[in-house]
Amino acid sequence: MIKTDVLVIGAGPAGSTAAKHAALGGADVILVDKKSEIGAPKRCAEGVSMGGLESLGIKPNPQWITRKIEGVRLVSPNGTSVWLTSDTVELPEAGYILERKVFDKHMAMDAARAGSRIMIKTLARSLQQEDDGYIVNLETMGEEFQIKANIIIAADGPESRVARWTGLNTATKPKDMESAAQFEMVGVEMEDNHCIEFYFGSVAPGGYAWIFPKGDDIANVGLGVLSTKTSKSAYEHLLEFVEDCPATKNAQPVELNIGGDPVGGMPKKLVTDGLMVVGDAAGQVNPLTGGGIISGMTGGMLAGKVAAKAIEDDDTSKERLREYEKLCHESIGKEISKYLKVKDYMLSLSDEELDSIAEAFKDVEFEKISTTELVKKLVKVSPRALLKLGKLF
Amino acid sequence: MILKIDLRGGCEEMKVNDWCMYCGECAGVCPRNLIEVKETSIIFSKEECKDCRLCMQVCPIGALEPEE
C-alpha cells in the first residue's frame, strides 16, 4: 500500500493549490485526478480578477491569459445597457479571461515542482477511516489500489462525494446548484470586446447569461439556470440565447461546456478528523457571479498550509484542522454571505423591474457617485432593495 | 460508449443517454451520494435510490431520463 501524509483528491485549481502549499510546508503529498487531462474539459467561463491572482502569489503568464478585461456591460431584458468601465470606476473584478486547459495544468505543475506526486486517470472510489487517517480505495486503468493518508483534502468539485463519505454534509440542493451550459464561439460581434457582458432576466431563470471575450471575435457564451425555476435545460436556454442575442447571431460554436456550479454558499463544517474540503466541493464560490477560481484557490492555499502544519505537529484531529475552517470563514466566508443576499435580491426581480433599474442607471457617471448614493438610487426604483440590501452597504 | 448502470433495486429505470458529457452535476445533487461519474461512464447504485429524480432535473443537457 502507498503511504502519504496528504492525499489531495481532484486537480482543479483548488486541489493543485492545496497540494502545492502542503508540499511547500514539508508534507509528503499525492495529488490524484480522475481525468486523463488536467484542465479539460473546462467547466467555467474563465474569468479571474487580477487582485485575486496577486493575493495567491501567482504571476500572470501570457501562456494562460487570453484577454485582459477593461470593463463590464450589464444588459437588462429589454436590451438597456449599464456600462462599468475601468476608466470610470474601479472594478474589483477587473481581470483576465484565462485558458483553463493551460492554467489548470500550470497550477498542477507548480504542485509537482513543490514536490507533490501526481496521478492522473485515477479515481477515488471509497474510503475507510483508520485511527490515524484514511485508507482510500482508488482505481486507475482498471486496477484497484489503496493509499493510506493521514490527511485527505477533498477537491472533487461540485460532485463533492469524498467529504460526504466521512459524514460531512456537502451535497448541493437543486435550488443552490446552477446548471450551466456554454459555447466557446467564433464570429462574436461584441459592442466592446474588452468588456465582459452579463444578461439578466428570464433569458436565464435563476441565473444570468454571459459573454466573456477571449479574442477579437472569440468568446465564451454561456448561461446558468436553476432547475427549480425552469422546466427547460440549460442547453435549451443557451440555444435560444445565442439565436436572439445580437452579438452571437453570426457566431459559430467550436466547443460546448456544461456543468454544475454550487451557489448556496459554504457549509459551516469544512473539516472532520483527517479531512478538509476545498473549492467547489466546499461551496467556495461567489453566489452572485458563480465565480470560484480565486475563492477556491484561496481555500486550497489555506488547507494546504494547515495540512502541512498539522502533519508537522502530528495532530490531524478535527479540532486541529478547524484552523482551516476558521481562516476560510474569515477570509472568504464573509464575502460569500454578503453576495448570497445580493443574489437573493437579484433573483426576486422581474424583467420589468430589471429594465427600470437599468433605465435609472444607464447614464450614471459611476466615478462621481458613492456606493451609498448608488443604493439610494436603486431603492428609488426598487424599494425592495432597501429591505434586502440596506444592511449590507 | 460504456454505460454501467446497476438496474436492480429501488427506483424506476433510468436511462443515461449517449450525449451525456460526464460533468457530474447529477452526482452533486444526489442526496444519497449514489452516482459515480467516471471520465466516460456513469455508475449508478440503484438499490438505495429513492427515485427523487433530482439528478434528471439538474442535468444541463437533458441526458438523464426515466426509461419509457
# chains A, B, ... in the order shown; residues from 1 in each chain; ligands from 1

$ residues_around --residues "segment 345-360 of chain A" --least-positions-apart "5" --cutoff "8 Å" --atoms "only C-alpha atoms" --output "ChimeraX atom specification"
/A:75-78,80-82,200-202,206-207,377-378,381-382,384-385,388-389

$ residues_around --residues "Arg53 of chain B" --least-positions-apart "4" --cutoff "12 Å" --atoms "only C-alpha atoms" --output "list of chain:residue names"
A:Pro174, A:Ser227, B:Cys11, B:Glu12, B:Glu13, B:Met14, B:Lys15, B:Cys26, B:Ala27, B:Val29, B:Cys30, B:Pro31, B:Arg32, B:Lys46, B:Cys49, B:Gln57, B:Val58, B:Cys59, B:Leu64, B:Glu65, B:Pro66

$ select_by_dssp --residues "segment 33-115 of chain A" --states "helix (DSSP H, G or I)" --output "list in words"
Met50, Gly51, Gly52, Leu53, Glu54, Ser55, Arg100, Lys101, Val102, Phe103, Asp104, Lys105, His106, Met107, Ala108, Met109, Asp110, Ala111, Ala112 and Arg113 of chain A

$ closest_residue --among "B:Cys23, B:Ile35, B:Ile43, B:Ala63" --to "chain A" --atoms "only C-alpha atoms"
B:Cys23

$ interface_residues --of "chain A" --to "chain B" --cutoff "9 Å" --atoms "only C-alpha atoms" --output "JSON, numbers by chain"
{"A": [34, 35, 36, 41, 43, 121, 123, 125, 157, 158, 159, 160, 161, 164, 165, 170, 171, 172, 173, 174, 177, 178, 179, 180, 181, 224, 225, 226, 227, 228, 231, 232, 233, 234, 235, 236, 257, 258, 259, 260, 261, 262, 281]}

$ write_last_selection --atoms "N, CA and C atoms" --output "compact mmCIF listing (two decimals), in the first residue's frame"
# COMPACT_ATOMS: atom_id res chain seq x y z
N LYS A 34 -9.26 12.21 -11.65
CA LYS A 34 -9.88 11.10 -12.38
C LYS A 34 -9.75 11.25 -13.90
N LYS A 35 -9.43 12.44 -14.35
CA LYS A 35 -9.42 12.67 -15.79
C LYS A 35 -8.06 12.36 -16.41
N SER A 36 -8.08 12.18 -17.73
CA SER A 36 -6.82 11.90 -18.42
C SER A 36 -6.07 13.18 -18.76
N PRO A 41 -12.28 18.62 -19.87
CA PRO A 41 -12.88 19.81 -20.46
C PRO A 41 -13.11 20.89 -19.41
N ARG A 43 -15.06 23.69 -17.29
CA ARG A 43 -16.47 23.84 -16.88
C ARG A 43 -16.58 25.20 -16.25
N LYS A 121 -5.84 10.10 -14.34
CA LYS A 121 -6.71 8.98 -14.71
C LYS A 121 -6.88 8.04 -13.51
N LEU A 123 -9.19 7.48 -10.04
CA LEU A 123 -10.45 7.83 -9.41
C LEU A 123 -10.50 7.29 -7.98
N ARG A 125 -12.67 5.95 -5.08
CA ARG A 125 -13.99 5.31 -5.13
C ARG A 125 -14.66 5.14 -3.78
N GLY A 157 -14.70 18.93 -6.65
CA GLY A 157 -15.63 19.74 -7.45
C GLY A 157 -17.07 19.69 -6.97
N PRO A 158 -17.99 20.14 -7.82
CA PRO A 158 -19.41 20.24 -7.41
C PRO A 158 -20.00 18.89 -6.99
N GLU A 159 -19.40 17.79 -7.42
CA GLU A 159 -19.91 16.48 -7.01
C GLU A 159 -19.77 16.30 -5.51
N SER A 160 -18.65 16.75 -4.98
CA SER A 160 -18.35 16.69 -3.55
C SER A 160 -18.78 15.37 -2.91
N ARG A 161 -18.27 14.28 -3.44
CA ARG A 161 -18.64 12.97 -2.90
C ARG A 161 -17.73 12.57 -1.75
N ARG A 164 -18.57 13.71 1.73
CA ARG A 164 -19.81 13.05 2.17
C ARG A 164 -19.57 11.63 2.66
N TRP A 165 -18.51 10.98 2.11
CA TRP A 165 -18.20 9.63 2.60
C TRP A 165 -17.84 9.64 4.08
N THR A 170 -22.00 17.98 2.39
CA THR A 170 -21.60 18.92 1.34
C THR A 170 -22.40 18.73 0.05
N ALA A 171 -23.53 18.02 0.15
CA ALA A 171 -24.39 17.89 -1.04
C ALA A 171 -24.99 19.26 -1.35
N THR A 172 -25.23 19.53 -2.62
CA THR A 172 -25.85 20.80 -3.01
C THR A 172 -27.29 20.53 -3.41
N LYS A 173 -28.21 21.35 -2.87
CA LYS A 173 -29.61 21.20 -3.23
C LYS A 173 -29.84 21.82 -4.61
N PRO A 174 -30.80 21.29 -5.38
CA PRO A 174 -31.04 21.86 -6.72
C PRO A 174 -31.30 23.37 -6.70
N MET A 177 -27.90 24.89 -6.96
CA MET A 177 -26.97 24.37 -7.97
C MET A 177 -27.33 24.95 -9.34
N GLU A 178 -26.49 25.86 -9.81
CA GLU A 178 -26.72 26.39 -11.16
C GLU A 178 -26.38 25.30 -12.17
N SER A 179 -27.28 25.12 -13.13
CA SER A 179 -26.99 24.24 -14.26
C SER A 179 -26.48 25.14 -15.37
N ALA A 180 -25.27 24.90 -15.81
CA ALA A 180 -24.67 25.82 -16.76
C ALA A 180 -24.34 25.14 -18.09
N ALA A 181 -24.48 25.91 -19.16
CA ALA A 181 -24.08 25.44 -20.49
C ALA A 181 -23.41 26.61 -21.20
N GLY A 224 -26.25 30.21 -16.84
CA GLY A 224 -26.58 29.29 -15.76
C GLY A 224 -28.03 29.48 -15.38
N VAL A 225 -28.73 28.39 -15.13
CA VAL A 225 -30.13 28.47 -14.69
C VAL A 225 -30.30 27.60 -13.45
N LEU A 226 -31.34 27.90 -12.68
CA LEU A 226 -31.70 26.99 -11.59
C LEU A 226 -32.81 26.08 -12.09
N SER A 227 -32.62 24.79 -11.91
CA SER A 227 -33.61 23.84 -12.42
C SER A 227 -34.94 23.97 -11.69
N THR A 228 -34.90 24.66 -10.52
CA THR A 228 -36.14 24.87 -9.77
C THR A 228 -36.94 26.04 -10.35
N SER A 231 -38.37 24.74 -16.63
CA SER A 231 -38.55 23.33 -17.00
C SER A 231 -37.65 22.96 -18.18
N LYS A 232 -36.99 23.97 -18.76
CA LYS A 232 -36.08 23.69 -19.88
C LYS A 232 -34.67 23.43 -19.35
N SER A 233 -33.88 22.73 -20.14
CA SER A 233 -32.49 22.50 -19.74
C SER A 233 -31.66 23.75 -20.02
N ALA A 234 -30.51 23.84 -19.35
CA ALA A 234 -29.60 24.96 -19.59
C ALA A 234 -29.25 25.04 -21.08
N TYR A 235 -29.04 23.90 -21.69
CA TYR A 235 -28.67 23.86 -23.10
C TYR A 235 -29.75 24.46 -23.99
N GLU A 236 -31.02 24.13 -23.68
CA GLU A 236 -32.12 24.72 -24.47
C GLU A 236 -32.17 26.24 -24.31
N ASN A 257 -19.46 23.38 -23.34
CA ASN A 257 -19.10 23.06 -21.96
C ASN A 257 -20.35 23.03 -21.12
N ILE A 258 -20.41 22.11 -20.19
CA ILE A 258 -21.56 22.08 -19.27
C ILE A 258 -21.06 21.74 -17.86
N GLY A 259 -21.93 22.01 -16.88
CA GLY A 259 -21.57 21.62 -15.52
C GLY A 259 -22.42 22.29 -14.48
N GLY A 260 -22.24 21.88 -13.25
CA GLY A 260 -22.96 22.46 -12.13
C GLY A 260 -22.08 23.46 -11.40
N ASP A 261 -22.72 24.47 -10.82
CA ASP A 261 -22.00 25.49 -10.08
C ASP A 261 -22.73 25.71 -8.75
N PRO A 262 -22.12 25.31 -7.65
CA PRO A 262 -22.80 25.42 -6.35
C PRO A 262 -22.79 26.86 -5.85
N ALA A 281 -16.21 21.93 -4.16
CA ALA A 281 -16.71 20.89 -3.24
C ALA A 281 -17.12 21.49 -1.91

$ select_by_dssp --residues "chain B" --states "strand (DSSP E)" --output "ChimeraX atom specification"
/B:14-16,35-37,42-44,64-66

$ write_last_selection --atoms "C-alpha atoms" --output "PDB file, in the first residue's frame"
ATOM      1  CA  MET B  14     -33.173   5.418 -15.510  1.00  0.00           C
ATOM      2  CA  LYS B  15     -31.624   5.950 -18.884  1.00  0.00           C
ATOM      3  CA  VAL B  16     -28.283   7.710 -19.412  1.00  0.00           C
ATOM      4  CA  ILE B  35     -23.858   8.428  -8.546  1.00  0.00           C
ATOM      5  CA  GLU B  36     -20.236   7.819  -9.521  1.00  0.00           C
ATOM      6  CA  VAL B  37     -19.184   9.719 -12.616  1.00  0.00           C
ATOM      7  CA  ILE B  42     -21.565   6.628 -15.013  1.00  0.00           C
ATOM      8  CA  ILE B  43     -22.045   4.042 -12.310  1.00  0.00           C
ATOM      9  CA  PHE B  44     -25.329   4.413 -10.517  1.00  0.00           C
ATOM     10  CA  LEU B  64     -30.751  11.593 -17.834  1.00  0.00           C
ATOM     11  CA  GLU B  65     -34.294  10.396 -18.430  1.00  0.00           C
ATOM     12  CA  PRO B  66     -36.730   7.931 -16.941  1.00  0.00           C
TER      13      PRO B  66
END

$ closest_residue --among "A:Phe183, A:Ser331, A:Ser370, A:Ala149" --to "Ser55 of chain A" --atoms "only C-alpha atoms"
A:Ser331
